[in-house]
Amino acid sequence: MEKRDHSASDYFVQREVLDETRLDDFALKGTWSAKPTLGERVKESLRCSVPRLKHTVLSWVPVLGWLPQYSIRENAIGDLISGCSVGIMHLPQGMAYALLASLRPVFGLYTSLYPVLIYFIFGTSRHISIGTFAVISIMVGSVTERMAPDGNFIVNSTNGTLTVNIDARDDFRVQIACSLTVLAGIFQILLGVVRFGFVVTYLSEPLVRGYTTGSACHVCVSQLKYLFGVTPSRFTGPLSLIYIIAATIITHFCGLPSKYKIDVVGEIPSGLQAPRAPDTTIFLQLIGDAFAVAIVGYAINISLGKTFALKHGYKVDSNQELVALGLSNSVGGFFQCYSVTSSLSRSLVQESTGGKTQVAGVISSIIVLITVLKVGALFEDLPKAVLSTIVFVNLKGMFKQFMDVPELWKTNKVDLLVWLVTFTSTVLLNLDLGLAVSIGFSMLTVIFRTQLPRYSILGLVPSTDLYLDTDTYRAAKEIPGIKIFRSSTTIYYTNAEMYLEALQEKSGIEIGKLLTAKRKQDKDLRRKLEKEKKKEKEEAKKQRKAVSQLTNGTLSLEKLEISEGRVAAELKHQSQGKGPALSLTKTLTNSLSKGQVNWAYQCDTAMLNLDSDIGLPGDGTTDQVSHHGDEEEGWTCGSETHSIILDISTTSFVDTVTVNTFKNIFRDFGEVDLDIYLAGCQACVMEQLEAASFFSASIPKSRFFLTVHDAVLHILKKRGQMDLILDVSCNTQM
């Protein structure tokens with residue numbers, strides 16, 4: 001390949017026209033495989049060596065890799081300040097978010113302690129702060145309130161009134177929260193082990209932001225009872241947000257409580273609780289909720305982790321993050337912690353105050369530990385209304401996400417629709433069902449986008465090798481006789497039928513009607529030929545009878561001459577001056593003069609010659625008469641299109657439906673004398689086509705070209721349109 005640089009904005013290329021067959025030789029396509037075989041991969045996985053063992057241990061326990069290299073001089077001061085700042089934030093947030101989970105505040109402190117230490121060992125992000133988070137807390141709270149409502153714990157008091165057994169209710173809610181946390185952690189670990197970290201990619205940014213904004217509304221409503229000091233009835237399920245709001249307003253403004261009491265945090269026991277196994281008997285009831293908590297928690301965690309990693313120039317392992325978060329939840333669940341993830345507010349503080357590593361997380365855990373052991377009693381008289389205000393303040397960032405709406409309106413209305421549907425379903429249908437609806441709707445938008453791509457007819461921009469959409473670029477002009485068709489997305493089973501319909505619509509070639517007309521014309525032609533054969537047989541029968549009479553002496557010479565003249569005239573009239581009928585007459589005359597006639601042979605030969613001249617469908621001679629006459633609706637495309645190029649450069653894979661669709665296109669369009677060519681086929685797609693036995697004598701590789709321009713030049717040269725070649729060659733050597 002030769003290049004000559006004439007100026008900074010021009011380039012000239014000289015090369016031959018390349019189809020796929022020639023490309024394999026020209027570019028030295030290899031038959032080797034860069035990927036190891038299955039046996040080689042199994043053998044490699046079973047191989048044990050010191051470097052391999054070291055690599056495996058360091059990948060599963062990242063702290064062993066970076067902690068021995070920890071620089072006290074560079075990192076210690078920043079981590080210390082950062083850890084103290086985040087630890088101070090853990091205290092009010094932990095207690096406040098525990099209320100969202102419908103648990104006592106002390107369990108929020110436990111949740112700010114154990115999981116942070118686990119993540120320090122197994123996590124790969126240096127800046128995120130693991131612990132309580134509003135969205136996860138409200139998701140846990142919806143489960144605990146649904147499975148342990150106040151109505152299940154009503155007992156008779158000493159004065160004969162009905163009251164709620166608060167202690168029994170809270171103990172059972174702790175069991176539910178811990179079981180949910182362990183199960184969610186197991187899901188995360190399993191997904192991480194099977195390298196399923198990419199699952200979070202199905203949660204788009206508009207979906208996550210719409211979901212967290214809707215969750216923030218639930219968080220705010222759940223705090224109204226603490227803010228106003230009322231205790232309305234609890235509601236769960238769809239539209240529960242509306243019922244909470246209504247009950248709080250009625251209870252507060254109608255003055256239903258006869259005496260107002262300030263609700264405070266209450267007793268915070270000193271010391272740590274002994275580990276306790278979760279209640280596995282309720283796992284089946286928690287599977288759906290646990291999976292939702294696992295996915296949402298991981299999505300929030302990995303998005304923050306990758307944001308800080310990109311900013312500071314290091315890599316976060318998405319699969320290891322799943323394992324680390326799963327271990328934090330699973331181990332924490334045994335120590336009466338509920339589900340955790342990273343917090344944006346604490347992570348920003350940890351990064352902005354100089355935190356460089358997860359040592360800052362250990363320092364924050366030490367502060368929480370000191371509080372639990374010695375200082376907890378100081379928070380017992382803290383009003384819950386104060387904790388509610390802390391929650392409201394921390395939701396400020398989430399409510400700012402409402403500004404996404406005007407921004408998405410300007411940039412991408414499909415993403416805006418995802419945001420609005422996610423927000424609405426989360427607010428109205430509760431968190432678990434809202435998440436399911438949101439993911440389902442998001443998947444539908446992806447399907448609709450692939451099912452409704454943009455189809456284009458391409459034209460050549462003069463003096464270039466650029467082929468652009470003729471509806472978008474006025475300079476792009478179609479090449480006479482050639483239609484170039486392109487889809488904006490991969491062709492597969494969901495849009496293959498639409499691809500064929502769009503091809504016919506854009507090219508103006510209705511293949512169904514053309515095939516019907518052609519087949520009707522072929523059928524009429526066959527019927528006509530059968531009539532001709534029948535007439536020939538009748539005439540031959542008459543001739544045999546005449547010869548028989550001549551032989552028996554019953555026919556006079558004069559009558560024979562008259563009969564012979566009539567036969568010749570009749571055959572001349574039927575054949576319309578063509579050779580076969582005349583040949584039959586001459587043969588008859590010669591045979592009569594010799595007195596020998598093989599009528600069976602002569603009749604078959606005459607009919608065979610007649611068939612050859614007229615042409616039967618499928619014998620290669622149909623084209624001689626297929627375009628003649630207007631007695632039938634013509635089966636040609638009406639225009640002078642002779643070739644169609646399918647630009648499949650956007651196709652990254654093909655399935656069985658796609659292969660069959662291409663085969664049908666080659667077959668059907670070929671029946672009406674239209675040549676099909678494919679251009680821009682990627683190497684992986686060619687391999688898949690070969691594996692599907694796509695290529696044959698009727699579909700050779702020579703119909704596949706490297707670029708659209710290669711295909712165009714090949715067609716023009718094949719049809720001898722050299723004048724057009726000079727116009728479109730763009731200095732490409734033939």
# chains A, B, ... in the order shown; residues from 1 in each chain; ligands from 1
call {"tool": "residues_around", "arguments": {"residues": "segment 149-153 of chain A", "least_positions_apart": "2", "cutoff": "7 Å", "atoms": "only C-alpha atoms", "output": "ChimeraX atom specification"}}
result
/A:145-147,155,164-165,169
call {"tool": "write_last_selection", "arguments": {"atoms": "N, CA and C atoms", "output": "compact mmCIF listing (two decimals), in the first residue's frame"}}
result
# COMPACT_ATOMS: atom_id res chain seq x y z
N GLU A 145 -40.18 -3.88 58.38
CA GLU A 145 -41.54 -3.45 58.73
C GLU A 145 -42.60 -4.35 58.09
N ARG A 146 -42.29 -4.87 56.91
CA ARG A 146 -43.26 -5.76 56.26
C ARG A 146 -43.36 -7.10 56.97
N MET A 147 -42.21 -7.63 57.40
CA MET A 147 -42.20 -8.95 58.02
C MET A 147 -42.42 -8.90 59.54
N VAL A 155 -49.74 -6.87 72.91
CA VAL A 155 -49.95 -7.66 74.14
C VAL A 155 -50.83 -6.85 75.09
N VAL A 164 -47.86 -2.43 72.31
CA VAL A 164 -46.92 -3.14 71.45
C VAL A 164 -45.71 -3.55 72.27
N ASN A 165 -45.34 -4.81 72.16
CA ASN A 165 -44.14 -5.30 72.83
C ASN A 165 -42.92 -4.84 72.03
N ARG A 169 -40.52 -6.94 69.31
CA ARG A 169 -40.55 -6.48 67.92
C ARG A 169 -39.18 -6.11 67.42
call {"tool": "residues_around", "arguments": {"residues": "segment 332-347 of chain A", "least_positions_apart": "3", "cutoff": "7 Å", "atoms": "only C-alpha atoms", "output": "NGL selection string"}}
result
:A and (86 or 107 or 110-111 or 114-115 or 127-133 or 136 or 174 or 177-179 or 181-182 or 273-278 or 297 or 300-301 or 328-329 or 350-351)
call {"tool": "write_last_selection", "arguments": {"atoms": "N, CA, C and O atoms", "output": "compact mmCIF listing (two decimals), in the first residue's frame"}}
result
# COMPACT_ATOMS: atom_id res chain seq x y z
N VAL A 86 -14.10 11.30 59.04
CA VAL A 86 -15.13 10.35 58.63
C VAL A 86 -15.71 9.64 59.84
O VAL A 86 -16.92 9.37 59.91
N PHE A 107 -27.47 -0.18 66.48
CA PHE A 107 -27.13 -1.11 65.40
C PHE A 107 -26.53 -0.36 64.20
O PHE A 107 -25.80 -0.95 63.41
N TYR A 110 -22.87 -0.34 65.11
CA TYR A 110 -22.23 -1.62 64.78
C TYR A 110 -21.95 -1.71 63.28
O TYR A 110 -20.90 -2.20 62.85
N THR A 111 -22.90 -1.24 62.49
CA THR A 111 -22.77 -1.30 61.03
C THR A 111 -21.65 -0.39 60.54
O THR A 111 -21.09 -0.62 59.46
N TYR A 114 -17.79 -3.01 61.97
CA TYR A 114 -17.28 -4.28 61.44
C TYR A 114 -17.10 -4.29 59.92
O TYR A 114 -16.03 -4.69 59.42
N PRO A 115 -18.09 -3.88 59.13
CA PRO A 115 -17.92 -3.95 57.67
C PRO A 115 -16.76 -3.10 57.16
O PRO A 115 -16.12 -3.45 56.17
N HIS A 127 -10.53 5.30 48.41
CA HIS A 127 -11.14 6.53 48.89
C HIS A 127 -12.59 6.40 49.34
O HIS A 127 -13.09 7.32 50.01
N ILE A 128 -13.29 5.34 48.99
CA ILE A 128 -14.70 5.27 49.37
C ILE A 128 -14.83 4.90 50.85
O ILE A 128 -13.96 4.24 51.43
N SER A 129 -15.92 5.36 51.45
CA SER A 129 -16.20 5.10 52.86
C SER A 129 -17.37 4.14 52.97
O SER A 129 -18.51 4.48 52.65
N ILE A 130 -17.08 2.92 53.41
CA ILE A 130 -18.11 1.89 53.57
C ILE A 130 -18.85 2.12 54.88
O ILE A 130 -18.26 2.53 55.88
N GLY A 131 -20.14 1.83 54.88
CA GLY A 131 -20.94 1.94 56.10
C GLY A 131 -22.41 2.11 55.77
O GLY A 131 -22.90 1.63 54.74
N THR A 132 -23.13 2.78 56.65
CA THR A 132 -24.56 2.98 56.44
C THR A 132 -24.81 3.95 55.30
O THR A 132 -24.00 4.84 55.01
N PHE A 133 -25.95 3.76 54.64
CA PHE A 133 -26.34 4.64 53.54
C PHE A 133 -27.85 4.70 53.49
O PHE A 133 -28.54 3.71 53.74
N ILE A 136 -29.92 2.14 51.06
CA ILE A 136 -29.88 0.75 51.53
C ILE A 136 -30.64 0.63 52.85
O ILE A 136 -31.34 -0.37 53.09
N VAL A 174 -34.20 -7.16 64.19
CA VAL A 174 -32.75 -7.32 64.08
C VAL A 174 -32.42 -8.64 63.39
O VAL A 174 -31.54 -8.72 62.54
N ALA A 177 -33.12 -8.20 59.67
CA ALA A 177 -32.11 -7.36 59.02
C ALA A 177 -30.79 -8.11 58.86
O ALA A 177 -30.14 -8.03 57.80
N CYS A 178 -30.38 -8.86 59.89
CA CYS A 178 -29.12 -9.61 59.81
C CYS A 178 -29.21 -10.74 58.80
O CYS A 178 -28.27 -10.99 58.04
N SER A 179 -30.34 -11.44 58.76
CA SER A 179 -30.52 -12.51 57.78
C SER A 179 -30.52 -11.95 56.36
O SER A 179 -29.92 -12.53 55.44
N THR A 181 -29.03 -9.27 55.38
CA THR A 181 -27.67 -8.82 55.09
C THR A 181 -26.77 -9.98 54.70
O THR A 181 -26.00 -9.89 53.73
N VAL A 182 -26.85 -11.07 55.45
CA VAL A 182 -26.02 -12.25 55.14
C VAL A 182 -26.38 -12.80 53.77
O VAL A 182 -25.49 -13.14 52.97
N GLN A 273 -21.56 -6.82 71.06
CA GLN A 273 -22.41 -7.99 71.17
C GLN A 273 -21.70 -9.22 70.60
O GLN A 273 -20.92 -9.13 69.65
N ALA A 274 -21.96 -10.36 71.19
CA ALA A 274 -21.38 -11.61 70.68
C ALA A 274 -21.99 -11.94 69.33
O ALA A 274 -23.16 -11.63 69.06
N PRO A 275 -21.21 -12.55 68.44
CA PRO A 275 -21.76 -12.91 67.13
C PRO A 275 -22.89 -13.91 67.26
O PRO A 275 -22.91 -14.75 68.15
N ARG A 276 -23.85 -13.79 66.33
CA ARG A 276 -25.01 -14.65 66.36
C ARG A 276 -25.36 -15.06 64.93
O ARG A 276 -25.35 -14.23 64.01
N ALA A 277 -25.66 -16.35 64.75
CA ALA A 277 -25.98 -16.86 63.41
C ALA A 277 -27.31 -16.30 62.95
O ALA A 277 -28.23 -16.11 63.76
N PRO A 278 -27.45 -16.03 61.67
CA PRO A 278 -28.73 -15.51 61.16
C PRO A 278 -29.79 -16.60 61.17
O PRO A 278 -29.51 -17.80 61.24
N GLY A 297 -26.70 -1.99 46.23
CA GLY A 297 -25.52 -1.65 47.02
C GLY A 297 -24.25 -1.71 46.21
O GLY A 297 -23.39 -0.82 46.31
N ILE A 300 -24.03 1.30 43.62
CA ILE A 300 -23.60 2.56 44.26
C ILE A 300 -22.12 2.49 44.60
O ILE A 300 -21.37 3.45 44.38
N ASN A 301 -21.69 1.36 45.10
CA ASN A 301 -20.30 1.20 45.54
C ASN A 301 -19.33 1.30 44.36
O ASN A 301 -18.33 2.03 44.43
N SER A 328 -18.09 -8.05 53.53
CA SER A 328 -18.46 -7.05 54.52
C SER A 328 -19.88 -7.27 55.03
O SER A 328 -20.15 -7.16 56.23
N ASN A 329 -20.78 -7.61 54.12
CA ASN A 329 -22.16 -7.86 54.53
C ASN A 329 -22.31 -9.20 55.25
O ASN A 329 -22.99 -9.29 56.27
N GLN A 350 -13.68 11.93 53.03
CA GLN A 350 -12.45 11.13 53.15
C GLN A 350 -11.43 11.51 52.09
O GLN A 350 -10.22 11.57 52.37
N GLU A 351 -11.90 11.81 50.88
CA GLU A 351 -10.96 12.17 49.81
C GLU A 351 -10.48 13.61 49.92
O GLU A 351 -9.30 13.90 49.72
call {"tool": "residues_around", "arguments": {"residues": "segment 381-395 of chain A", "least_positions_apart": "6", "cutoff": "9 Å", "atoms": "only C-alpha atoms", "output": "ChimeraX atom specification"}}
result
/A:92-93,95-97,99,134,213,216,219-220,223-229,262-267,345
call {"tool": "atom_distance", "arguments": {"atom1": "atom CA of Leu203 of chain A", "atom2": "atom CA of Gly434 of chain A"}}
result
13.3 Å
call {"tool": "select_by_dssp", "arguments": {"residues": "segment 261-427 of chain A", "states": "strand (DSSP E or B)", "output": "MDAnalysis selection string"}}
result
chainID A and resid 264 341:342 383
call {"tool": "closest_residue", "arguments": {"among": "A:Thr641, A:Thr661, A:Ser507, A:Gln401", "to": "Cys217 of chain A", "atoms": "only C-alpha atoms"}}
result
A:Gln401
call {"tool": "closest_residue", "arguments": {"among": "A:Leu80, A:Gln320, A:Leu207, A:Glu532", "to": "Leu58 of chain A", "atoms": "only C-alpha atoms"}}
result
A:Gln320
call {"tool": "closest_residue", "arguments": {"among": "A:Glu321, A:Met498, A:Glu380, A:Ile72", "to": "Tyr298 of chain A", "atoms": "only C-alpha atoms"}}
result
A:Glu321
call {"tool": "select_by_dssp", "arguments": {"residues": "segment 204-401 of chain A", "states": "helix (DSSP H, G or I)", "output": "PyMOL selection string"}}
result
chain A and resi 205-222+224-228+240-253+280-312+318-334+344-352+359-379+384-394+396-401
call {"tool": "residues_around", "arguments": {"residues": "segment 701-706 of chain A", "least_positions_apart": "6", "cutoff": "12 Å", "atoms": "only C-alpha atoms", "output": "number ranges by chain"}}
result
A: 16-24, 26-27, 643-649, 666, 675-683, 685-687, 689-690, 693-695, 712-715
call {"tool": "write_last_selection", "arguments": {"atoms": "N, CA and C atoms", "output": "tab-separated table (two decimals), in the first residue's frame"}}
result
chain	number	residue	atom	x	y	z
A	16	GLU	N	-5.30	-2.54	-4.97
A	16	GLU	CA	-6.26	-3.26	-5.77
A	16	GLU	C	-7.59	-3.37	-5.04
A	17	VAL	N	-8.64	-3.66	-5.80
A	17	VAL	CA	-9.95	-3.88	-5.20
A	17	VAL	C	-9.92	-5.22	-4.46
A	18	LEU	N	-10.38	-5.21	-3.21
A	18	LEU	CA	-10.24	-6.39	-2.36
A	18	LEU	C	-11.59	-6.95	-1.98
A	19	ASP	N	-11.85	-8.20	-2.40
A	19	ASP	CA	-12.95	-8.94	-1.81
A	19	ASP	C	-12.37	-9.82	-0.70
A	20	GLU	N	-13.24	-10.58	-0.02
A	20	GLU	CA	-12.77	-11.34	1.14
A	20	GLU	C	-11.77	-12.42	0.75
A	21	THR	N	-11.96	-13.02	-0.41
A	21	THR	CA	-11.01	-14.05	-0.84
A	21	THR	C	-9.64	-13.45	-1.09
A	22	ARG	N	-9.61	-12.33	-1.79
A	22	ARG	CA	-8.32	-11.68	-2.09
A	22	ARG	C	-7.71	-11.07	-0.83
A	23	LEU	N	-8.58	-10.60	0.08
A	23	LEU	CA	-8.09	-9.98	1.32
A	23	LEU	C	-7.30	-10.98	2.16
A	24	ASP	N	-7.75	-12.24	2.20
A	24	ASP	CA	-7.05	-13.24	3.00
A	24	ASP	C	-5.61	-13.40	2.54
A	26	PHE	N	-3.95	-11.05	0.57
A	26	PHE	CA	-3.29	-9.75	0.57
A	26	PHE	C	-2.80	-9.37	1.97
A	27	ALA	N	-3.64	-9.62	2.98
A	27	ALA	CA	-3.31	-9.24	4.36
A	27	ALA	C	-2.71	-10.39	5.16
A	643	SER	N	-27.61	-3.94	-8.98
A	643	SER	CA	-26.77	-4.44	-7.88
A	643	SER	C	-27.17	-3.75	-6.58
A	644	ILE	N	-27.10	-4.51	-5.50
A	644	ILE	CA	-27.37	-3.98	-4.16
A	644	ILE	C	-26.20	-4.32	-3.26
A	645	ILE	N	-25.68	-3.31	-2.59
A	645	ILE	CA	-24.57	-3.49	-1.65
A	645	ILE	C	-25.12	-3.30	-0.24
A	646	LEU	N	-24.94	-4.29	0.61
A	646	LEU	CA	-25.35	-4.21	2.00
A	646	LEU	C	-24.14	-3.88	2.85
A	647	ASP	N	-24.14	-2.68	3.42
A	647	ASP	CA	-23.05	-2.27	4.31
A	647	ASP	C	-23.34	-2.81	5.71
A	648	ILE	N	-22.61	-3.84	6.14
A	648	ILE	CA	-22.85	-4.46	7.45
A	648	ILE	C	-21.69	-4.19	8.40
A	649	SER	N	-21.05	-3.05	8.23
A	649	SER	CA	-19.92	-2.71	9.09
A	649	SER	C	-20.33	-2.50	10.54
A	666	PHE	N	-30.03	-13.26	-0.80
A	666	PHE	CA	-29.27	-13.69	-1.98
A	666	PHE	C	-30.16	-14.49	-2.93
A	675	ASP	N	-27.95	-8.54	-8.30
A	675	ASP	CA	-26.75	-9.05	-7.63
A	675	ASP	C	-26.62	-8.44	-6.24
A	676	ILE	N	-26.33	-9.28	-5.25
A	676	ILE	CA	-26.17	-8.83	-3.87
A	676	ILE	C	-24.71	-8.91	-3.49
A	677	TYR	N	-24.22	-7.85	-2.84
A	677	TYR	CA	-22.85	-7.81	-2.34
A	677	TYR	C	-22.88	-7.32	-0.89
A	678	LEU	N	-21.95	-7.80	-0.09
A	678	LEU	CA	-21.82	-7.36	1.30
A	678	LEU	C	-20.48	-6.66	1.47
A	679	ALA	N	-20.48	-5.58	2.27
A	679	ALA	CA	-19.26	-4.80	2.47
A	679	ALA	C	-19.07	-4.49	3.95
A	680	GLY	N	-17.80	-4.37	4.34
A	680	GLY	CA	-17.48	-3.99	5.72
A	680	GLY	C	-17.69	-5.10	6.72
A	681	CYS	N	-17.63	-6.34	6.28
A	681	CYS	CA	-17.88	-7.46	7.19
A	681	CYS	C	-16.66	-7.67	8.09
A	682	GLN	N	-16.88	-7.64	9.41
A	682	GLN	CA	-15.78	-7.82	10.35
A	682	GLN	C	-15.30	-9.26	10.35
A	683	ALA	N	-14.04	-9.45	10.77
A	683	ALA	CA	-13.44	-10.78	10.74
A	683	ALA	C	-14.20	-11.77	11.61
A	685	VAL	N	-17.35	-11.74	12.26
A	685	VAL	CA	-18.60	-12.08	11.58
A	685	VAL	C	-18.35	-13.08	10.46
A	686	MET	N	-17.23	-12.91	9.73
A	686	MET	CA	-16.88	-13.87	8.68
A	686	MET	C	-16.67	-15.26	9.28
A	687	GLU	N	-16.03	-15.33	10.42
A	687	GLU	CA	-15.82	-16.62	11.06
A	687	GLU	C	-17.15	-17.26	11.44
A	689	LEU	N	-20.05	-16.73	9.99
A	689	LEU	CA	-20.71	-17.14	8.76
A	689	LEU	C	-20.14	-18.45	8.23
A	690	GLU	N	-18.83	-18.59	8.30
A	690	GLU	CA	-18.21	-19.84	7.86
A	690	GLU	C	-18.64	-21.01	8.74
A	693	SER	N	-21.92	-22.48	7.78
A	693	SER	CA	-22.00	-23.01	6.41
A	693	SER	C	-22.77	-22.06	5.49
A	694	PHE	N	-22.46	-20.80	5.59
A	694	PHE	CA	-23.18	-19.79	4.82
A	694	PHE	C	-22.72	-19.76	3.36
A	695	PHE	N	-21.43	-19.94	3.13
A	695	PHE	CA	-20.89	-19.78	1.79
A	695	PHE	C	-21.13	-21.04	0.96
A	712	VAL	N	-18.23	-1.20	-5.07
A	712	VAL	CA	-18.68	-0.34	-6.17
A	712	VAL	C	-17.75	-0.46	-7.37
A	713	LEU	N	-16.46	-0.37	-7.14
A	713	LEU	CA	-15.50	-0.47	-8.24
A	713	LEU	C	-15.57	-1.83	-8.93
A	714	HIS	N	-15.76	-2.88	-8.14
A	714	HIS	CA	-15.88	-4.22	-8.72
A	714	HIS	C	-17.10	-4.31	-9.63
A	715	ILE	N	-18.23	-3.77	-9.18
A	715	ILE	CA	-19.47	-3.85	-9.96
A	715	ILE	C	-19.33	-3.07	-11.26
call {"tool": "closest_residue", "arguments": {"among": "A:Leu529, A:Ser59, A:Ala324, A:Asp432", "to": "Val143 of chain A", "atoms": "only C-alpha atoms"}}
result
A:Asp432
call {"tool": "residues_around", "arguments": {"residues": "Arg486 of chain A", "least_positions_apart": "2", "cutoff": "10 Å", "atoms": "only C-alpha atoms", "output": "PyMOL selection string"}}
result
chain A and resi 454-458+468-469+484+488-489+499+502-503+645-650+679
call {"tool": "residues_around", "arguments": {"residues": "Lys315 of chain A", "least_positions_apart": "3", "cutoff": "9 Å", "atoms": "only C-alpha atoms", "output": "ChimeraX atom specification"}}
result
/A:124-125,306,309-310
call {"tool": "closest_residue", "arguments": {"among": "A:Ile118, A:Ala711, A:Ile699, A:Met443", "to": "Thr201 of chain A", "atoms": "only C-alpha atoms"}}
result
A:Met443
call {"tool": "closest_residue", "arguments": {"among": "A:Pro206, A:Gly508, A:Pro36, A:Gly326", "to": "Asp404 of chain A", "atoms": "only C-alpha atoms"}}
result
A:Pro206
call {"tool": "atom_distance", "arguments": {"atom1": "atom CA of Lys29 of chain A", "atom2": "atom CA of Ala691 of chain A"}}
result
16.9 Å
call {"tool": "atom_distance", "arguments": {"atom1": "atom CA of Gly39 of chain A", "atom2": "atom CA of Leu53 of chain A"}}
result
20.7 Å
